[in-house]
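Novice: One structure coming up, written as structure tokens, with questions to follow.
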Amino acid sequence: MMSFGYFIWVFAWVRLAISFINWLFRQYLPQVDYLSETPLVSVLIPARNEEFNIQNILNDLLLFTYPKMEIIVYDDQSTDKTADIIEQFMQRSINLQLIKGTGPEKGWLGKNYACHQLALAAKGEKLLFLDADVRVNDGLLEKTIYYMYKHDLKLLSIFPKQIMASIGGRLSVPLMNWILLSLLPLPLVRFTNMGAFSAANGQFMFFDAQTYRDVLPHNICRTNQVEDIAILKEFKKRRLKRATLLGEDDIRCSMYDTLEEAINGFSKNVFHFFGGSRLLTIFFALVTTIGPFWIFIEDGCIWGIMYMFLIVLIRFFTSLSSRQSSLWNIMLQIPQQGVFLVIIIKALLSYQQKYIIWKGRNVYKY
């Protein structure tokens, strides 16, 4: 029977190979000098209590030189100055619209309902859903449209480059790509229809509008708190072409300001990185936590050091692919692992209590 130590070794080598593949294949948008077609793009932003973010993304978008673009923001019952800020920006652009939401209908989660309403109001041939905390640079639409046409895609999702200005961010945010890029070869999102090879990020979802209206993906996934992955799986199920890429400076995001926010945010979807399985999530956490100790005890110091070198290489390649600091992530990998365990514990407690609060609402899926 295969020993647990042997499994730990094999698992580490597999993760290293996957992280190297993701770095080698450079899953980013290409540079574009000329775009032959410029379809109307509807940029759709769901916003709930985003007064500290909404002006940044609107400023970015109003600097775009893309010739055919409308911007629609759905204010989801914000209790801050979000709507006031949007109305001020509307005086600067006739292409900016505001929808004042009245809250999700029964049977819907808030963001999914907001995105569905935005799509119903959109006139574009392409639909780009952006979160309000994302920052974007001019030229992003040209690159995205070129890539969509080149590969005949119906859906393209991008994981934005993460900006980490606080120690809380450095202790938590890199975990997302550390898991993703060491377990999933991103090219397989496009090259296989197997649902197991699925990843998407709701911060950037770019759809062919006709396909969106045929499928109505946010309606299908109306109760799913991780609708981005569910939507991509639905596209795979229907054999619709899709891809997921990594972001560079033209799309970036500062997800969480504090460690507490990060733990609360990641705990609502950490299981979905492992196909929704709590058992696989816990198993991955145990293997990655006790693996070094097991190898040192079972195989000795030399093999233990070699194993640690593999672990460092995984962090190195996932950091490079994510455009994050390899040095910071390697130095902080032990406390990051501790934060990962805290996230899982909080997620398990939330699952047991059937209570996950996000943006002032319980988003637990009953």
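Residue numbering restarts at 1 for every chain of the structure tokens, chains are lettered A, B, ... in their displayed order, and ligands are numbered from 1 as they appear.
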Write out as a ChimeraX atom specification which residues come within 8 Å of Arg170 (chain A) when counting only C-alpha atoms, dropping same-chain ones fewer than 5 positions away.
Specialist: /A:164-165,328-329,332
Novice: Applying 12 Å and only C-alpha atoms, which residues near Ile220 (chain A) remain after dropping the ones on its own chain fewer than 2 positions away? List them as number ranges by chain.
Specialist: A: 107-109, 112-113, 116, 212-218, 222-224, 227-228, 230-235
Novice: Which one is closest to Gln337 (chain A): A:Ile311, A:Leu175, A:Ile305, A:Leu259? Count only C-alpha atoms.
Specialist: A:Leu175
Novice: Near Gly247 (chain A), within 7 Å and counting only C-alpha atoms, which residues show up once chain neighbours fewer than 4 positions away are dropped, as a ChimeraX atom specification?
Specialist: /A:28,158-161,251-252
Novice: Take the residues from that selection and write them out as a compact mmCIF listing (two decimals), in the first residue's frame, keeping N, CA and C atoms.
Specialist:
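For reference, out-v3.txt as written:
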# COMPACT_ATOMS: atom_id res chain seq x y z
N TYR A 28 -2.13 35.37 -20.35
CA TYR A 28 -2.47 36.78 -20.27
C TYR A 28 -3.06 37.25 -21.59
N ILE A 158 -11.20 36.84 -16.31
CA ILE A 158 -9.82 37.18 -15.96
C ILE A 158 -9.71 37.34 -14.45
N PHE A 159 -8.66 36.77 -13.87
CA PHE A 159 -8.32 37.02 -12.48
C PHE A 159 -7.45 38.27 -12.44
N PRO A 160 -7.96 39.38 -11.92
CA PRO A 160 -7.16 40.61 -11.91
C PRO A 160 -5.87 40.46 -11.10
N LYS A 161 -4.88 41.23 -11.48
CA LYS A 161 -3.66 41.32 -10.68
C LYS A 161 -4.03 41.95 -9.34
N ILE A 251 -5.61 45.32 -15.70
CA ILE A 251 -6.75 45.02 -14.84
C ILE A 251 -6.22 44.54 -13.50
N ARG A 252 -6.52 45.29 -12.47
CA ARG A 252 -5.96 45.00 -11.16
C ARG A 252 -7.01 45.31 -10.10
Novice: Enumerate, as a PDB file with C-alpha atoms, in the first residue's frame, the complete set of residues in region 49-228 of chain A that a backbone-based DSSP assignment places in alpha helix (DSSP H).
Specialist:
ATOM      1  CA  ILE A  54     -16.942  53.441  -7.539  1.00  0.00           C
ATOM      2  CA  GLN A  55     -15.327  56.762  -8.414  1.00  0.00           C
ATOM      3  CA  ASN A  56     -12.020  55.043  -9.194  1.00  0.00           C
ATOM      4  CA  ILE A  57     -13.440  52.595 -11.718  1.00  0.00           C
ATOM      5  CA  LEU A  58     -15.667  55.243 -13.310  1.00  0.00           C
ATOM      6  CA  ASN A  59     -12.682  57.552 -13.665  1.00  0.00           C
ATOM      7  CA  ASP A  60     -10.778  54.729 -15.332  1.00  0.00           C
ATOM      8  CA  LEU A  61     -13.600  53.916 -17.736  1.00  0.00           C
ATOM      9  CA  LEU A  62     -14.197  57.518 -18.766  1.00  0.00           C
ATOM     10  CA  THR A  82     -22.625  55.298  -3.989  1.00  0.00           C
ATOM     11  CA  ALA A  83     -25.647  56.552  -5.963  1.00  0.00           C
ATOM     12  CA  ASP A  84     -24.743  60.219  -5.396  1.00  0.00           C
ATOM     13  CA  ILE A  85     -21.246  59.668  -6.765  1.00  0.00           C
ATOM     14  CA  ILE A  86     -22.576  57.881  -9.848  1.00  0.00           C
ATOM     15  CA  GLU A  87     -25.033  60.719 -10.534  1.00  0.00           C
ATOM     16  CA  GLN A  88     -22.156  63.223 -10.388  1.00  0.00           C
ATOM     17  CA  PHE A  89     -20.265  61.184 -12.975  1.00  0.00           C
ATOM     18  CA  MET A  90     -23.353  61.046 -15.197  1.00  0.00           C
ATOM     19  CA  GLY A 110     -28.161  40.021  -4.559  1.00  0.00           C
ATOM     20  CA  LYS A 111     -25.225  40.169  -6.965  1.00  0.00           C
ATOM     21  CA  ASN A 112     -26.718  37.593  -9.325  1.00  0.00           C
ATOM     22  CA  TYR A 113     -29.964  39.551  -9.497  1.00  0.00           C
ATOM     23  CA  ALA A 114     -28.081  42.813 -10.065  1.00  0.00           C
ATOM     24  CA  CYS A 115     -26.080  41.297 -12.940  1.00  0.00           C
ATOM     25  CA  HIS A 116     -29.233  39.877 -14.499  1.00  0.00           C
ATOM     26  CA  GLN A 117     -30.936  43.276 -14.367  1.00  0.00           C
ATOM     27  CA  LEU A 118     -27.874  44.944 -15.863  1.00  0.00           C
ATOM     28  CA  ALA A 119     -27.871  42.484 -18.754  1.00  0.00           C
ATOM     29  CA  LEU A 120     -31.550  43.142 -19.430  1.00  0.00           C
ATOM     30  CA  ALA A 121     -30.835  46.867 -19.731  1.00  0.00           C
ATOM     31  CA  LEU A 140      -8.223  46.564 -22.074  1.00  0.00           C
ATOM     32  CA  LEU A 141     -11.325  46.315 -24.276  1.00  0.00           C
ATOM     33  CA  GLU A 142      -9.276  46.110 -27.476  1.00  0.00           C
ATOM     34  CA  LYS A 143      -7.152  43.284 -26.068  1.00  0.00           C
ATOM     35  CA  THR A 144     -10.188  41.419 -24.780  1.00  0.00           C
ATOM     36  CA  ILE A 145     -12.171  41.694 -28.005  1.00  0.00           C
ATOM     37  CA  TYR A 146      -9.151  40.602 -30.061  1.00  0.00           C
ATOM     38  CA  TYR A 147      -8.691  37.521 -27.870  1.00  0.00           C
ATOM     39  CA  MET A 148     -12.415  36.714 -27.978  1.00  0.00           C
ATOM     40  CA  TYR A 149     -12.517  36.878 -31.790  1.00  0.00           C
ATOM     41  CA  LYS A 150      -9.224  35.026 -32.218  1.00  0.00           C
ATOM     42  CA  ILE A 167       0.215  43.114   5.672  1.00  0.00           C
ATOM     43  CA  GLY A 168      -3.283  41.654   6.043  1.00  0.00           C
ATOM     44  CA  GLY A 169      -3.542  41.527   2.264  1.00  0.00           C
ATOM     45  CA  ARG A 170      -0.137  39.880   1.889  1.00  0.00           C
ATOM     46  CA  LEU A 171      -1.115  37.240   4.446  1.00  0.00           C
ATOM     47  CA  SER A 172      -4.361  36.309   2.713  1.00  0.00           C
ATOM     48  CA  PRO A 174      -2.015  35.280  -2.405  1.00  0.00           C
ATOM     49  CA  LEU A 175      -3.765  32.143  -1.127  1.00  0.00           C
ATOM     50  CA  MET A 176      -6.341  32.334  -3.930  1.00  0.00           C
ATOM     51  CA  ASN A 177      -3.825  32.015  -6.756  1.00  0.00           C
ATOM     52  CA  TRP A 178      -1.565  29.690  -4.747  1.00  0.00           C
ATOM     53  CA  ILE A 179      -4.438  27.189  -4.675  1.00  0.00           C
ATOM     54  CA  LEU A 180      -5.694  27.836  -8.193  1.00  0.00           C
ATOM     55  CA  LEU A 181      -2.381  27.860 -10.044  1.00  0.00           C
ATOM     56  CA  SER A 182      -0.974  24.795  -8.305  1.00  0.00           C
ATOM     57  CA  LEU A 183      -4.050  22.630  -8.850  1.00  0.00           C
ATOM     58  CA  PRO A 187      -5.096  26.217 -20.496  1.00  0.00           C
ATOM     59  CA  LEU A 188      -7.441  23.295 -19.765  1.00  0.00           C
ATOM     60  CA  VAL A 189     -10.270  25.723 -19.007  1.00  0.00           C
ATOM     61  CA  ARG A 190     -10.310  26.435 -22.731  1.00  0.00           C
ATOM     62  CA  PHE A 191      -9.115  23.125 -24.161  1.00  0.00           C
ATOM     63  CA  ALA A 209     -24.225  39.235 -25.702  1.00  0.00           C
ATOM     64  CA  GLN A 210     -26.332  36.992 -27.921  1.00  0.00           C
ATOM     65  CA  THR A 211     -24.994  33.908 -26.169  1.00  0.00           C
ATOM     66  CA  TYR A 212     -25.676  35.501 -22.804  1.00  0.00           C
ATOM     67  CA  ARG A 213     -29.266  36.258 -23.785  1.00  0.00           C
ATOM     68  CA  ASP A 214     -29.743  32.717 -25.060  1.00  0.00           C
ATOM     69  CA  VAL A 215     -28.397  31.133 -21.852  1.00  0.00           C
ATOM     70  CA  PRO A 217     -26.483  32.420 -16.942  1.00  0.00           C
ATOM     71  CA  HIS A 218     -27.122  34.629 -13.923  1.00  0.00           C
ATOM     72  CA  ASN A 219     -30.728  33.450 -13.949  1.00  0.00           C
ATOM     73  CA  ILE A 220     -29.628  29.813 -14.074  1.00  0.00           C
ATOM     74  CA  GLU A 227     -21.822  32.198  -9.627  1.00  0.00           C
ATOM     75  CA  ASP A 228     -18.678  32.818 -11.683  1.00  0.00           C
TER      76      ASP A 228
END
Novice: Suppose you want the space between CA of Trp23 (chain A) and CA of Phe317 (chain A); what is it in Å?
Specialist: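 Spanning CA of Trp23 (chain A) to CA of Phe317 (chain A) is a straight-line distance of 6.2 Å.
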